[in-house]
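Data block for input_35.pdb (PDB, C-alpha atoms, pLDDT in the B column):
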ATOM      1  CA  MET A   1      20.732  14.140  48.727  1.00 75.00           C
ATOM      2  CA  THR A   2      22.801  11.582  50.483  1.00 85.00           C
ATOM      3  CA  LYS A   3      26.446  11.949  51.331  1.00 82.00           C
ATOM      4  CA  ILE A   4      27.384   9.456  48.594  1.00 81.00           C
ATOM      5  CA  GLU A   5      25.425  11.400  45.983  1.00 85.00           C
ATOM      6  CA  LEU A   6      27.159  14.625  47.017  1.00 86.00           C
ATOM      7  CA  LYS A   7      30.567  12.973  46.734  1.00 87.00           C
ATOM      8  CA  ASP A   8      29.682  11.648  43.274  1.00 88.00           C
ATOM      9  CA  ASP A   9      28.488  15.084  42.164  1.00 91.00           C
ATOM     10  CA  LEU A  10      31.638  16.687  43.521  1.00 91.00           C
ATOM     11  CA  LYS A  11      33.771  14.165  41.628  1.00 91.00           C
ATOM     12  CA  ILE A  12      31.924  14.936  38.395  1.00 92.00           C
ATOM     13  CA  ILE A  13      32.427  18.682  38.880  1.00 94.00           C
ATOM     14  CA  ILE A  14      36.149  18.276  39.609  1.00 94.00           C
ATOM     15  CA  ILE A  15      36.703  15.891  36.680  1.00 93.00           C
ATOM     16  CA  THR A  16      34.856  18.227  34.309  1.00 92.00           C
ATOM     17  CA  GLY A  17      36.800  21.209  35.621  1.00 93.00           C
ATOM     18  CA  THR A  18      40.166  19.525  35.122  1.00 93.00           C
ATOM     19  CA  ALA A  19      39.178  18.507  31.601  1.00 89.00           C
ATOM     20  CA  PHE A  20      38.117  22.083  30.860  1.00 90.00           C
ATOM     21  CA  VAL A  21      41.327  23.610  32.200  1.00 91.00           C
ATOM     22  CA  SER A  22      43.516  21.004  30.532  1.00 92.00           C
ATOM     23  CA  SER A  23      41.830  21.747  27.189  1.00 89.00           C
ATOM     24  CA  TYR A  24      43.508  25.152  27.149  1.00 89.00           C
ATOM     25  CA  ALA A  25      46.915  23.617  27.871  1.00 91.00           C
ATOM     26  CA  ILE A  26      46.351  20.915  25.253  1.00 91.00           C
ATOM     27  CA  LYS A  27      45.475  23.547  22.650  1.00 90.00           C
ATOM     28  CA  ARG A  28      48.686  25.458  23.362  1.00 92.00           C
ATOM     29  CA  LEU A  29      50.698  22.230  23.325  1.00 90.00           C
ATOM     30  CA  THR A  30      49.381  21.146  19.923  1.00 92.00           C
ATOM     31  CA  GLU A  31      50.065  24.607  18.484  1.00 93.00           C
ATOM     32  CA  GLN A  32      53.666  24.477  19.734  1.00 94.00           C
ATOM     33  CA  VAL A  33      54.192  20.948  18.377  1.00 92.00           C
ATOM     34  CA  TRP A  34      52.747  22.021  15.018  1.00 91.00           C
ATOM     35  CA  LEU A  35      55.067  25.035  14.907  1.00 94.00           C
ATOM     36  CA  LYS A  36      58.086  22.906  15.782  1.00 95.00           C
ATOM     37  CA  ILE A  37      57.282  20.295  13.101  1.00 91.00           C
ATOM     38  CA  THR A  38      56.163  22.571  10.243  1.00 90.00           C
ATOM     39  CA  HIS A  39      57.923  25.843  11.148  1.00 93.00           C
ATOM     40  CA  GLU A  40      54.592  27.589  10.431  1.00 89.00           C
ATOM     41  CA  ASP A  41      51.765  28.779  12.643  1.00 89.00           C
ATOM     42  CA  ALA A  42      48.827  26.435  13.058  1.00 89.00           C
ATOM     43  CA  PRO A  43      46.042  26.939  10.494  1.00 89.00           C
ATOM     44  CA  LYS A  44      43.448  28.414  12.852  1.00 81.00           C
ATOM     45  CA  ASN A  45      41.027  29.561  10.148  1.00 83.00           C
ATOM     46  CA  PRO A  46      40.496  27.011   7.352  1.00 77.00           C
ATOM     47  CA  ALA A  47      38.382  29.560   5.454  1.00 82.00           C
ATOM     48  CA  ASN A  48      41.496  31.696   4.979  1.00 85.00           C
ATOM     49  CA  PRO A  49      42.597  31.397   1.322  1.00 87.00           C
ATOM     50  CA  SER A  50      46.255  30.995   2.351  1.00 87.00           C
ATOM     51  CA  VAL A  51      45.469  27.745   4.190  1.00 88.00           C
ATOM     52  CA  ARG A  52      45.696  24.656   1.975  1.00 89.00           C
ATOM     53  CA  TRP A  53      42.998  21.973   2.286  1.00 88.00           C
ATOM     54  CA  THR A  54      45.535  19.262   3.063  1.00 90.00           C
ATOM     55  CA  GLU A  55      47.031  21.400   5.810  1.00 90.00           C
ATOM     56  CA  ALA A  56      43.601  22.127   7.335  1.00 89.00           C
ATOM     57  CA  ILE A  57      42.581  18.458   7.258  1.00 91.00           C
ATOM     58  CA  PHE A  58      45.865  17.294   8.762  1.00 91.00           C
ATOM     59  CA  TRP A  59      45.618  19.962  11.485  1.00 91.00           C
ATOM     60  CA  ALA A  60      42.082  18.842  12.336  1.00 91.00           C
ATOM     61  CA  ALA A  61      43.130  15.193  12.515  1.00 93.00           C
ATOM     62  CA  PHE A  62      46.255  15.983  14.530  1.00 91.00           C
ATOM     63  CA  THR A  63      44.506  18.174  17.099  1.00 92.00           C
ATOM     64  CA  GLY A  64      41.575  15.782  17.374  1.00 92.00           C
ATOM     65  CA  ALA A  65      43.815  12.805  18.059  1.00 92.00           C
ATOM     66  CA  VAL A  66      46.107  14.594  20.503  1.00 90.00           C
ATOM     67  CA  ALA A  67      43.343  16.464  22.319  1.00 89.00           C
ATOM     68  CA  GLY A  68      41.088  13.430  22.552  1.00 91.00           C
ATOM     69  CA  THR A  69      43.836  11.211  23.913  1.00 93.00           C
ATOM     70  CA  LEU A  70      45.162  13.717  26.437  1.00 91.00           C
ATOM     71  CA  LYS A  71      41.694  14.694  27.678  1.00 90.00           C
ATOM     72  CA  LEU A  72      40.888  11.015  28.197  1.00 92.00           C
ATOM     73  CA  LEU A  73      44.108  10.559  30.184  1.00 94.00           C
ATOM     74  CA  VAL A  74      43.400  13.653  32.281  1.00 93.00           C
ATOM     75  CA  LYS A  75      39.834  12.567  33.058  1.00 92.00           C
ATOM     76  CA  ARG A  76      40.899   9.010  33.878  1.00 94.00           C
ATOM     77  CA  GLY A  77      43.813  10.144  36.029  1.00 94.00           C
ATOM     78  CA  THR A  78      41.644  12.623  37.904  1.00 93.00           C
ATOM     79  CA  LYS A  79      38.981   9.998  38.539  1.00 92.00           C
ATOM     80  CA  ILE A  80      41.527   7.485  39.816  1.00 93.00           C
ATOM     81  CA  GLN A  81      43.033  10.038  42.206  1.00 93.00           C
ATOM     82  CA  LEU A  82      39.626  11.194  43.433  1.00 91.00           C
ATOM     83  CA  ASP A  83      38.553   7.602  44.062  1.00 91.00           C
ATOM     84  CA  LYS A  84      41.605   7.234  46.305  1.00 91.00           C
ATOM     85  CA  LEU A  85      40.714  10.399  48.220  1.00 86.00           C
ATOM     86  CA  PHE A  86      36.980   9.807  48.658  1.00 81.00           C
TER      87      PHE A  86
END
What do you get writing this file as structure tokens?
Amino acid sequence: MTKIELKDDLKIIIITGTAFVSSYAIKRLTEQVWLKITHEDAPKNPANPSVRWTEAIFWAAFTGAVAGTLKLLVKRGTKIQLDKLF
């Protein structure tokens, strides 16, 4: 492997790692936002009979949109900063 290939591999590992770690924070963030808006815990198990279909669908859409957007921003930001360093 060349030095450039090693740097590229290292960047990929770091970017993936930051996305993985940020996923946990994003999950907690969306749960807190949900609680603040609805004053109820997030519907974590849609198979639970107490969870309404509309609530489960909205939760899925909300978390998907927030998580997708924030993970994209984290990956992009990490890549930009790594490109400055390497």
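The nearest approach to A:Ser22 among the residues A:Lys79, A:Lys84, A:Lys3, A:Lys71, with only C-alpha atoms taken into account, belongs to A:Lys71.
Reported to one decimal place, the separation of atom CA of A:Phe86 from atom CA of A:Leu10 is 10.1 Å.
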Around (34.5, 15.4, 26.0) in the file's frame, which residues reach within 9 Å when counting only C-alpha atoms? Return as number ranges by chain?
A: 16, 19, 68, 71-72
Can you translate the PyMOL selection byres ((chain A and resi 43) around 10) into the concrete residues it hits in this file, as a list in words?
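Those residues are Glu31, Trp34, Glu40, Asp41, Ala42, Lys44, Asn45, Pro46, Ala47, Asn48, Ser50, Val51, Arg52, Glu55, Ala56, Ile57, Phe58, Trp59 and Ala60 of chain A.
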Quote the spacing between atom CA of A:Ala67 and atom CA of A:Ile37 in Å to one decimal place.
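Computing it gives 17.1 Å between the two atoms.
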Record the distance separating atom CA of A:Leu73 and atom CA of A:Ile13, expressed in Å with one decimal.
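Separating atom CA of A:Leu73 from atom CA of A:Ile13 is a distance of 16.7 Å.
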What does the PyMOL selection byres ((chain A and resi 83) around 12) select in this file, as a list of chain:residue names?
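Checking the PyMOL selection byres ((chain A and resi 83) around 12) against this file, the residues are A:Lys7, A:Asp8, A:Leu10, A:Lys11, A:Ile12, A:Ile14, A:Ile15, A:Arg76, A:Gly77, A:Thr78, A:Lys79, A:Ile80, A:Gln81, A:Leu82, A:Lys84, A:Leu85, A:Phe86.
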Padding of 3 Å on every side, edges along x, y and z, all listed atoms of stretch 37-41 of chain A included: what centre and edge lengths in Å, to one decimal, does that box have, as JSON?
{"center_x": 54.8, "center_y": 24.5, "center_z": 11.7, "size_x": 12.2, "size_y": 14.5, "size_z": 8.9}
Kindly indicate which residue among A:His39, A:Glu5, A:Thr30, A:Lys75 lies nearest to A:Ala61, using all atoms listed in the file for the distances.
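Closest candidate: A:Thr30.
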Would you please work out which residue, of A:Thr54, A:Thr63, A:Thr38, A:Thr2, is nearest to A:Ile26 when using only C-alpha atoms?
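Of the candidates, the smallest distance to A:Ile26 is held by A:Thr63.
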Output requested as a PDB file, keeping the file's coordinate frame - stretch 13-47 of chain A, filled out with N, CA and C atoms.
ATOM      1  N   ILE A  13      32.070  17.265  39.055  1.00 94.00           N
ATOM      2  CA  ILE A  13      32.427  18.682  38.880  1.00 94.00           C
ATOM      3  C   ILE A  13      33.939  18.842  38.778  1.00 94.00           C
ATOM      4  N   ILE A  14      34.687  18.169  39.636  1.00 94.00           N
ATOM      5  CA  ILE A  14      36.149  18.276  39.609  1.00 94.00           C
ATOM      6  C   ILE A  14      36.711  17.688  38.322  1.00 94.00           C
ATOM      7  N   ILE A  15      36.224  16.535  37.912  1.00 93.00           N
ATOM      8  CA  ILE A  15      36.703  15.891  36.680  1.00 93.00           C
ATOM      9  C   ILE A  15      36.412  16.779  35.479  1.00 93.00           C
ATOM     10  N   THR A  16      35.214  17.338  35.413  1.00 92.00           N
ATOM     11  CA  THR A  16      34.856  18.227  34.309  1.00 92.00           C
ATOM     12  C   THR A  16      35.718  19.485  34.325  1.00 92.00           C
ATOM     13  N   GLY A  17      35.965  20.019  35.501  1.00 93.00           N
ATOM     14  CA  GLY A  17      36.800  21.209  35.621  1.00 93.00           C
ATOM     15  C   GLY A  17      38.228  20.963  35.166  1.00 93.00           C
ATOM     16  N   THR A  18      38.796  19.822  35.557  1.00 93.00           N
ATOM     17  CA  THR A  18      40.166  19.525  35.122  1.00 93.00           C
ATOM     18  C   THR A  18      40.230  19.312  33.622  1.00 93.00           C
ATOM     19  N   ALA A  19      39.208  18.695  33.059  1.00 89.00           N
ATOM     20  CA  ALA A  19      39.178  18.507  31.601  1.00 89.00           C
ATOM     21  C   ALA A  19      39.080  19.859  30.897  1.00 89.00           C
ATOM     22  N   PHE A  20      38.281  20.756  31.451  1.00 90.00           N
ATOM     23  CA  PHE A  20      38.117  22.083  30.860  1.00 90.00           C
ATOM     24  C   PHE A  20      39.426  22.867  30.898  1.00 90.00           C
ATOM     25  N   VAL A  21      40.075  22.873  32.051  1.00 91.00           N
ATOM     26  CA  VAL A  21      41.327  23.610  32.200  1.00 91.00           C
ATOM     27  C   VAL A  21      42.430  22.979  31.349  1.00 91.00           C
ATOM     28  N   SER A  22      42.474  21.666  31.317  1.00 92.00           N
ATOM     29  CA  SER A  22      43.516  21.004  30.532  1.00 92.00           C
ATOM     30  C   SER A  22      43.313  21.224  29.033  1.00 92.00           C
ATOM     31  N   SER A  23      42.088  21.484  28.608  1.00 89.00           N
ATOM     32  CA  SER A  23      41.830  21.747  27.189  1.00 89.00           C
ATOM     33  C   SER A  23      42.631  22.948  26.693  1.00 89.00           C
ATOM     34  N   TYR A  24      42.729  23.966  27.516  1.00 89.00           N
ATOM     35  CA  TYR A  24      43.508  25.152  27.149  1.00 89.00           C
ATOM     36  C   TYR A  24      44.984  24.784  26.981  1.00 89.00           C
ATOM     37  N   ALA A  25      45.512  24.026  27.944  1.00 91.00           N
ATOM     38  CA  ALA A  25      46.915  23.617  27.871  1.00 91.00           C
ATOM     39  C   ALA A  25      47.158  22.704  26.670  1.00 91.00           C
ATOM     40  N   ILE A  26      46.222  21.828  26.394  1.00 91.00           N
ATOM     41  CA  ILE A  26      46.351  20.915  25.253  1.00 91.00           C
ATOM     42  C   ILE A  26      46.358  21.704  23.952  1.00 91.00           C
ATOM     43  N   LYS A  27      45.517  22.716  23.854  1.00 90.00           N
ATOM     44  CA  LYS A  27      45.475  23.547  22.650  1.00 90.00           C
ATOM     45  C   LYS A  27      46.821  24.218  22.420  1.00 90.00           C
ATOM     46  N   ARG A  28      47.374  24.798  23.471  1.00 92.00           N
ATOM     47  CA  ARG A  28      48.686  25.458  23.362  1.00 92.00           C
ATOM     48  C   ARG A  28      49.777  24.446  23.005  1.00 92.00           C
ATOM     49  N   LEU A  29      49.710  23.268  23.599  1.00 90.00           N
ATOM     50  CA  LEU A  29      50.698  22.230  23.325  1.00 90.00           C
ATOM     51  C   LEU A  29      50.667  21.813  21.858  1.00 90.00           C
ATOM     52  N   THR A  30      49.476  21.563  21.327  1.00 92.00           N
ATOM     53  CA  THR A  30      49.381  21.146  19.923  1.00 92.00           C
ATOM     54  C   THR A  30      49.861  22.249  18.985  1.00 92.00           C
ATOM     55  N   GLU A  31      49.583  23.506  19.315  1.00 93.00           N
ATOM     56  CA  GLU A  31      50.065  24.607  18.484  1.00 93.00           C
ATOM     57  C   GLU A  31      51.590  24.674  18.488  1.00 93.00           C
ATOM     58  N   GLN A  32      52.201  24.451  19.650  1.00 94.00           N
ATOM     59  CA  GLN A  32      53.666  24.477  19.734  1.00 94.00           C
ATOM     60  C   GLN A  32      54.293  23.296  18.988  1.00 94.00           C
ATOM     61  N   VAL A  33      53.686  22.121  19.103  1.00 92.00           N
ATOM     62  CA  VAL A  33      54.192  20.948  18.377  1.00 92.00           C
ATOM     63  C   VAL A  33      54.081  21.184  16.876  1.00 92.00           C
ATOM     64  N   TRP A  34      52.951  21.720  16.434  1.00 91.00           N
ATOM     65  CA  TRP A  34      52.747  22.021  15.018  1.00 91.00           C
ATOM     66  C   TRP A  34      53.814  22.994  14.516  1.00 91.00           C
ATOM     67  N   LEU A  35      54.071  24.038  15.281  1.00 94.00           N
ATOM     68  CA  LEU A  35      55.067  25.035  14.907  1.00 94.00           C
ATOM     69  C   LEU A  35      56.461  24.411  14.816  1.00 94.00           C
ATOM     70  N   LYS A  36      56.771  23.542  15.767  1.00 95.00           N
ATOM     71  CA  LYS A  36      58.086  22.906  15.782  1.00 95.00           C
ATOM     72  C   LYS A  36      58.255  21.965  14.583  1.00 95.00           C
ATOM     73  N   ILE A  37      57.207  21.252  14.211  1.00 91.00           N
ATOM     74  CA  ILE A  37      57.282  20.295  13.101  1.00 91.00           C
ATOM     75  C   ILE A  37      57.277  21.008  11.747  1.00 91.00           C
ATOM     76  N   THR A  38      56.346  21.958  11.566  1.00 90.00           N
ATOM     77  CA  THR A  38      56.163  22.571  10.243  1.00 90.00           C
ATOM     78  C   THR A  38      56.872  23.906  10.075  1.00 90.00           C
ATOM     79  N   HIS A  39      57.312  24.505  11.168  1.00 93.00           N
ATOM     80  CA  HIS A  39      57.923  25.843  11.148  1.00 93.00           C
ATOM     81  C   HIS A  39      56.950  26.904  10.625  1.00 93.00           C
ATOM     82  N   GLU A  40      55.663  26.649  10.796  1.00 89.00           N
ATOM     83  CA  GLU A  40      54.592  27.589  10.431  1.00 89.00           C
ATOM     84  C   GLU A  40      53.574  27.605  11.562  1.00 89.00           C
ATOM     85  N   ASP A  41      52.840  28.718  11.662  1.00 89.00           N
ATOM     86  CA  ASP A  41      51.765  28.779  12.643  1.00 89.00           C
ATOM     87  C   ASP A  41      50.660  27.794  12.274  1.00 89.00           C
ATOM     88  N   ALA A  42      49.938  27.365  13.281  1.00 89.00           N
ATOM     89  CA  ALA A  42      48.827  26.435  13.058  1.00 89.00           C
ATOM     90  C   ALA A  42      47.748  27.108  12.222  1.00 89.00           C
ATOM     91  N   PRO A  43      47.110  26.360  11.318  1.00 89.00           N
ATOM     92  CA  PRO A  43      46.042  26.939  10.494  1.00 89.00           C
ATOM     93  C   PRO A  43      44.754  27.087  11.300  1.00 89.00           C
ATOM     94  N   LYS A  44      44.586  28.217  11.954  1.00 81.00           N
ATOM     95  CA  LYS A  44      43.448  28.414  12.852  1.00 81.00           C
ATOM     96  C   LYS A  44      42.146  28.696  12.116  1.00 81.00           C
ATOM     97  N   ASN A  45      42.228  29.237  10.910  1.00 83.00           N
ATOM     98  CA  ASN A  45      41.027  29.561  10.148  1.00 83.00           C
ATOM     99  C   ASN A  45      41.095  28.873   8.785  1.00 83.00           C
ATOM    100  N   PRO A  46      40.430  27.727   8.623  1.00 77.00           N
ATOM    101  CA  PRO A  46      40.496  27.011   7.352  1.00 77.00           C
ATOM    102  C   PRO A  46      39.830  27.764   6.198  1.00 77.00           C
ATOM    103  N   ALA A  47      39.026  28.774   6.514  1.00 82.00           N
ATOM    104  CA  ALA A  47      38.382  29.560   5.454  1.00 82.00           C
ATOM    105  C   ALA A  47      39.356  30.562   4.839  1.00 82.00           C
TER     106      ALA A  47
END
